[in-house]
Amino acid sequence: MAAISKHWNEIVHSGVTCATLSHPGKTCHDHLRYQMRATIGGNLKFFIPISIVRLFMLCYTKKTMSVEIVLQALFELVSESFNGWAVSNCWSAGFCGMYHWFGGFINNYSVSLPGLPGTLLMFFMPAYVKMSHSRAMFNVFLECWMKSREHPLFEYARESKVIGTLAFMAMSAAIGYYAQRTKAVEFWFFSPLKKNLNPEQDRHQKLCLHRNTCQNYILDGMKTCFTFGFLMELVRKLINVAPRIRKHPSAILEAFARIRFKFVAFLTMYNGLFRLITCLLARHRKRTTENDSTLAGFLSGITYGLSPNYNVFNLGVAAVIQNVWNYITEKYAKVAWIQWVNKLSFSSIVWMVLMNYNMYGRAYYPYAMSKFAMKFTDLCSGQQAQVAAECLGKAAMGFS
């Protein structure tokens, strides 16, 4: 399949039209009318489970349930569903439009660029949607890119659990290093303490920076990560079975049965080990230092071996990049070009570029995309992405 992109001009000869590749048996007008309806339900099926978890996490974080929190989650649901609807239908209309406007296809840009106008809507999305979607799309891109590389060294590294764990340990150390030295707080599965949370009268006798006992501090972190990991796994599985739930309610039980508890255990142990090591270091040295988070991040990263996972690994890459950038912007805040870049909605730019790459990857590298990414792309496009990929594959087989 990787060779398809290199032989585009031979595959899409004069007998191949937009109908051949994206809507066989339908006119462009009928196809777009159908897509505009189908993608409403598709996007809601995908985003409703995510929004429910988002609501739970907001309540969990703020320790309360309120109308404001419900409205916030609802607004984010409507925003991201509309954004997904717009991207999908821009691609459907743009693919046909580019074909008719130019009298044919323009190399691989005909696949990757039709959805571009819809992706621009991300600049107007709520902050949480910008952040979460850009990171999710970065994960999709990085996994697809790594799996599609054919060099022997890449192939060996992909299969080696030892290399993956060592790489994750190094990333984990880097996250601990930069997160400890910045004011910004980025989402990760551990959060270094940057100030002493103890009452003034207790600070001279308590070595650790956390307020509660070490045991409660460690167990609280493990409980939070267990909850987050379980909910994240549940959402992923519910999205996979969402199309079948109406006709087969028992599919919900199937989703529960397929939860990767090794993954949940990894997140739980990862956070717990990080907190345990920082407490042990504070007691051993009789004080805390900035380097404690770096060492604890490195050592706790060994738990990655419990459940090697592209999503977590790629999240780690994103977390390192974001923390390094936060460090640079805080240390060199007065540099003009850094101020200019920092004012841009960088997450929106990342999402816009990588979402268009996702269209390219779905067509040419379906074997390298994660099942979750495939489900996301197909469900939000009303199965248009799957149909287009299959049609392109058939055209390629005819060429070969």
# chains A, B, ... in the order shown; residues from 1 in each chain; ligands from 1
$ residues_around --residues "Leu193 of chain A" --least-positions-apart "2" --cutoff "7 Å" --atoms "only C-alpha atoms" --output "list in words"
Ser191, Lys195 and Leu209 of chain A
$ residues_around --residues "Tyr304 of chain A" --least-positions-apart "5" --cutoff "8 Å" --atoms "only C-alpha atoms" --output "list of chain:residue names"
A:Thr165, A:Phe168, A:Met169, A:Phe266, A:Tyr270
$ closest_atom_pairs --of "segment 127-194 of chain A" --to "segment 285-299 of chain A" --cutoff "12 Å" --atoms "only C-alpha atoms" --output "tab-separated table"
residue	atom	partner	partner_atom	distance
A:Thr165	CA	A:Phe298	CA	10.3
A:Leu166	CA	A:Phe298	CA	8.9
A:Ala167	CA	A:Phe298	CA	9.8
A:Phe168	CA	A:Phe298	CA	8.3
A:Met169	CA	A:Phe298	CA	4.7
A:Ala170	CA	A:Phe298	CA	6.0
A:Met171	CA	A:Phe298	CA	7.7
A:Ser172	CA	A:Gly297	CA	4.9
A:Ala173	CA	A:Phe298	CA	4.3
A:Ala174	CA	A:Thr294	CA	6.6
A:Ile175	CA	A:Gly297	CA	7.3
A:Gly176	CA	A:Thr294	CA	4.7
A:Tyr177	CA	A:Thr294	CA	4.7
A:Tyr178	CA	A:Thr294	CA	8.4
A:Ala179	CA	A:Ser293	CA	8.5
A:Gln180	CA	A:Glu290	CA	6.4
A:Arg181	CA	A:Glu290	CA	7.6
A:Thr182	CA	A:Glu290	CA	11.1
A:Trp188	CA	A:Gly297	CA	11.3
A:Phe189	CA	A:Gly297	CA	10.4
A:Phe190	CA	A:Gly297	CA	8.4
A:Ser191	CA	A:Ser293	CA	8.9
A:Pro192	CA	A:Ser293	CA	6.1
A:Leu193	CA	A:Ser293	CA	8.6
A:Lys194	CA	A:Glu290	CA	8.5
$ closest_residue --among "A:Leu392, A:Val264, A:Leu344, A:Met125" --to "Thr303 of chain A" --atoms "only C-alpha atoms"
A:Val264
$ closest_residue --among "A:Arg244, A:Thr17, A:Gly301, A:Ala86" --to "Asn43 of chain A" --atoms "only C-alpha atoms"
A:Ala86
$ residues_around --residues "Gly382 of chain A" --least-positions-apart "5" --cutoff "8 Å" --atoms "only C-alpha atoms" --output "list in words"
Gln35, Ala38, Thr39, Gly41 and Gly42 of chain A
$ residues_around --residues "Leu253 of chain A" --least-positions-apart "5" --cutoff "12 Å" --atoms "only C-alpha atoms" --output "list in words"
Leu234, Lys237, Leu238, Val241, Ala242, Arg244, Ile245, His248, Arg258 and Ile259 of chain A
$ residues_around --residues "segment 272-276 of chain A" --least-positions-apart "3" --cutoff "6 Å" --atoms "only C-alpha atoms" --output "PDB file with N, CA and C atoms, in the first residue's frame"
ATOM      1  N   ILE A 218       0.927   8.702  48.218  1.00  0.00           N
ATOM      2  CA  ILE A 218       1.174   7.688  47.186  1.00  0.00           C
ATOM      3  C   ILE A 218      -0.134   7.021  46.755  1.00  0.00           C
ATOM      4  N   MET A 222      -2.101   6.903  43.026  1.00  0.00           N
ATOM      5  CA  MET A 222      -2.418   5.632  42.378  1.00  0.00           C
ATOM      6  C   MET A 222      -3.916   5.521  42.103  1.00  0.00           C
ATOM      7  N   MET A 269       0.838   1.937  38.698  1.00  0.00           N
ATOM      8  CA  MET A 269       2.161   1.689  39.264  1.00  0.00           C
ATOM      9  C   MET A 269       3.150   2.791  38.888  1.00  0.00           C
ATOM     10  N   CYS A 279       9.565  10.458  47.677  1.00  0.00           N
ATOM     11  CA  CYS A 279       9.514  10.447  49.139  1.00  0.00           C
ATOM     12  C   CYS A 279      10.765   9.788  49.730  1.00  0.00           C
ATOM     13  N   ALA A 296      13.348  10.142  39.748  1.00  0.00           N
ATOM     14  CA  ALA A 296      12.107   9.395  39.971  1.00  0.00           C
ATOM     15  C   ALA A 296      11.389   9.123  38.651  1.00  0.00           C
ATOM     16  N   SER A 300      10.775   5.260  37.583  1.00  0.00           N
ATOM     17  CA  SER A 300       9.374   4.830  37.502  1.00  0.00           C
ATOM     18  C   SER A 300       8.985   4.444  36.078  1.00  0.00           C
TER      19      SER A 300
END
$ select_by_dssp --residues "segment 63-238 of chain A" --states "alpha helix (DSSP H)" --output "JSON, numbers by chain"
{"A": [67, 68, 69, 70, 71, 72, 73, 74, 75, 76, 77, 78, 79, 80, 81, 82, 83, 84, 85, 86, 87, 88, 89, 90, 91, 92, 93, 94, 95, 96, 97, 98, 99, 100, 101, 102, 109, 110, 111, 112, 116, 117, 118, 119, 127, 128, 129, 130, 131, 132, 133, 134, 135, 136, 137, 138, 139, 140, 141, 142, 143, 144, 145, 146, 147, 148, 152, 153, 154, 155, 156, 157, 158, 159, 161, 162, 163, 164, 165, 166, 167, 168, 169, 170, 171, 172, 173, 174, 175, 176, 177, 178, 179, 180, 214, 215, 216, 217, 218, 219, 220, 221, 222, 223, 224, 225, 226, 227, 228, 229, 230, 231, 232, 233, 234, 235, 236, 237, 238]}
$ write_last_selection --atoms "C-alpha atoms" --output "compact mmCIF listing (two decimals), in the first residue's frame"
# COMPACT_ATOMS: atom_id res chain seq x y z
CA VAL A 67 -24.65 23.41 36.20
CA GLU A 68 -21.56 25.29 35.01
CA ILE A 69 -19.56 22.08 34.71
CA VAL A 70 -22.36 20.31 32.81
CA LEU A 71 -22.73 23.28 30.43
CA GLN A 72 -18.97 23.36 29.87
CA ALA A 73 -18.89 19.68 28.95
CA LEU A 74 -21.97 20.11 26.73
CA PHE A 75 -20.46 23.12 24.94
CA GLU A 76 -17.26 21.16 24.28
CA LEU A 77 -19.32 18.24 22.95
CA VAL A 78 -21.24 20.45 20.52
CA SER A 79 -18.04 22.23 19.44
CA GLU A 80 -15.97 19.14 18.72
CA SER A 81 -18.88 17.33 17.05
CA PHE A 82 -19.49 20.31 14.76
CA ASN A 83 -15.78 20.53 14.01
CA GLY A 84 -15.62 16.84 13.08
CA TRP A 85 -18.76 17.22 10.96
CA ALA A 86 -17.27 20.20 9.12
CA VAL A 87 -13.93 18.50 8.43
CA SER A 88 -15.57 15.38 7.08
CA ASN A 89 -17.99 17.19 4.78
CA CYS A 90 -15.33 19.62 3.60
CA TRP A 91 -13.30 16.60 2.54
CA SER A 92 -16.26 15.01 0.73
CA ALA A 93 -17.16 18.24 -1.07
CA GLY A 94 -13.54 19.24 -1.62
CA PHE A 95 -12.53 15.90 -3.16
CA CYS A 96 -15.29 16.14 -5.74
CA GLY A 97 -14.81 19.89 -6.15
CA MET A 98 -11.09 19.61 -6.86
CA TYR A 99 -11.70 16.84 -9.37
CA HIS A 100 -14.29 18.86 -11.33
CA TRP A 101 -12.47 22.20 -10.99
CA PHE A 102 -9.13 20.91 -12.27
CA TYR A 109 -2.91 16.59 -2.62
CA SER A 110 -6.32 15.52 -3.86
CA VAL A 111 -6.42 13.15 -0.88
CA SER A 112 -4.75 15.21 1.83
CA LEU A 116 -8.37 21.90 4.89
CA PRO A 117 -11.17 24.52 5.16
CA GLY A 118 -12.90 22.47 7.84
CA THR A 119 -9.70 22.06 9.87
CA ALA A 127 -9.14 25.72 24.74
CA TYR A 128 -9.62 22.17 26.02
CA VAL A 129 -10.73 20.95 22.59
CA LYS A 130 -7.70 22.56 20.94
CA MET A 131 -5.29 20.99 23.42
CA SER A 132 -6.81 17.50 23.58
CA HIS A 133 -7.44 17.18 19.84
CA SER A 134 -3.98 18.39 18.83
CA ARG A 135 -2.34 15.87 21.16
CA ALA A 136 -4.60 13.07 19.96
CA MET A 137 -3.81 13.87 16.34
CA PHE A 138 -0.08 14.05 17.15
CA ASN A 139 -0.37 10.53 18.59
CA VAL A 140 -2.12 9.31 15.45
CA PHE A 141 0.53 10.87 13.23
CA LEU A 142 3.51 9.58 15.21
CA GLU A 143 2.19 6.02 15.44
CA CYS A 144 1.39 5.91 11.74
CA TRP A 145 4.80 7.35 10.87
CA MET A 146 6.72 4.93 13.11
CA LYS A 147 4.82 1.85 11.93
CA SER A 148 5.18 2.73 8.25
CA PRO A 152 15.59 -2.42 9.53
CA LEU A 153 16.56 -0.36 12.59
CA PHE A 154 13.01 0.99 12.87
CA GLU A 155 11.60 -2.50 12.46
CA TYR A 156 13.87 -3.85 15.22
CA ALA A 157 13.11 -0.96 17.59
CA ARG A 158 9.36 -1.39 17.08
CA GLU A 159 9.54 -5.03 18.16
CA LYS A 161 10.35 -4.27 24.47
CA VAL A 162 13.72 -3.37 26.03
CA ILE A 163 14.38 -0.48 23.64
CA GLY A 164 10.83 0.79 24.06
CA THR A 165 11.09 0.71 27.85
CA LEU A 166 14.52 2.40 27.93
CA ALA A 167 13.27 5.11 25.54
CA PHE A 168 10.22 5.67 27.72
CA MET A 169 12.39 5.87 30.85
CA ALA A 170 14.53 8.54 29.19
CA MET A 171 11.42 10.50 28.14
CA SER A 172 9.97 10.15 31.62
CA ALA A 173 13.18 11.58 33.11
CA ALA A 174 13.05 14.51 30.68
CA ILE A 175 9.43 15.21 31.60
CA GLY A 176 10.34 15.20 35.28
CA TYR A 177 13.31 17.50 34.65
CA TYR A 178 11.49 20.19 32.69
CA ALA A 179 8.15 19.96 34.53
CA GLN A 180 9.99 20.66 37.79
CA CYS A 214 3.60 9.62 52.42
CA GLN A 215 1.28 6.61 52.38
CA ASN A 216 -1.81 8.73 51.64
CA TYR A 217 0.09 10.81 49.08
CA ILE A 218 1.17 7.69 47.19
CA LEU A 219 -2.21 5.97 47.40
CA ASP A 220 -4.08 9.11 46.27
CA GLY A 221 -1.93 9.31 43.14
CA MET A 222 -2.42 5.63 42.38
CA LYS A 223 -6.19 5.94 42.86
CA THR A 224 -6.35 8.91 40.47
CA CYS A 225 -4.33 7.13 37.78
CA PHE A 226 -6.32 3.93 38.19
CA THR A 227 -9.56 5.89 37.71
CA PHE A 228 -8.21 7.79 34.72
CA GLY A 229 -6.75 4.68 33.09
CA PHE A 230 -9.92 2.65 33.60
CA LEU A 231 -12.15 5.40 32.19
CA MET A 232 -9.84 5.99 29.23
CA GLU A 233 -9.85 2.29 28.40
CA LEU A 234 -13.61 2.08 28.80
CA VAL A 235 -14.17 5.01 26.44
CA ARG A 236 -11.89 3.46 23.80
CA LYS A 237 -13.80 0.18 23.96
CA LEU A 238 -17.23 1.87 23.98
$ atom_distance --atom1 "atom CA of Arg37 of chain A" --atom2 "atom CA of Ile252 of chain A"
25.8 Å
$ closest_residue --among "A:Met374, A:Leu207, A:Gly104, A:Asn314" --to "Thr278 of chain A" --atoms "only C-alpha atoms"
A:Leu207
$ closest_residue --among "A:Gln201, A:Phe187, A:Ala389, A:Lys62" --to "Leu315 of chain A" --atoms "only C-alpha atoms"
A:Phe187
$ atom_distance --atom1 "atom CA of Trp340 of chain A" --atom2 "atom CA of Trp325 of chain A"
13.5 Å
$ atom_distance --atom1 "atom CA of Ile321 of chain A" --atom2 "atom CA of Asn108 of chain A"
29.4 Å
$ closest_residue --among "A:Leu280, A:Glu150, A:Phe376, A:Ala363" --to "Phe46 of chain A" --atoms "only C-alpha atoms"
A:Phe376
$ closest_residue --among "A:Pro308, A:Gly103, A:Gly115, A:Gly361" --to "Ser381 of chain A" --atoms "only C-alpha atoms"
A:Gly115
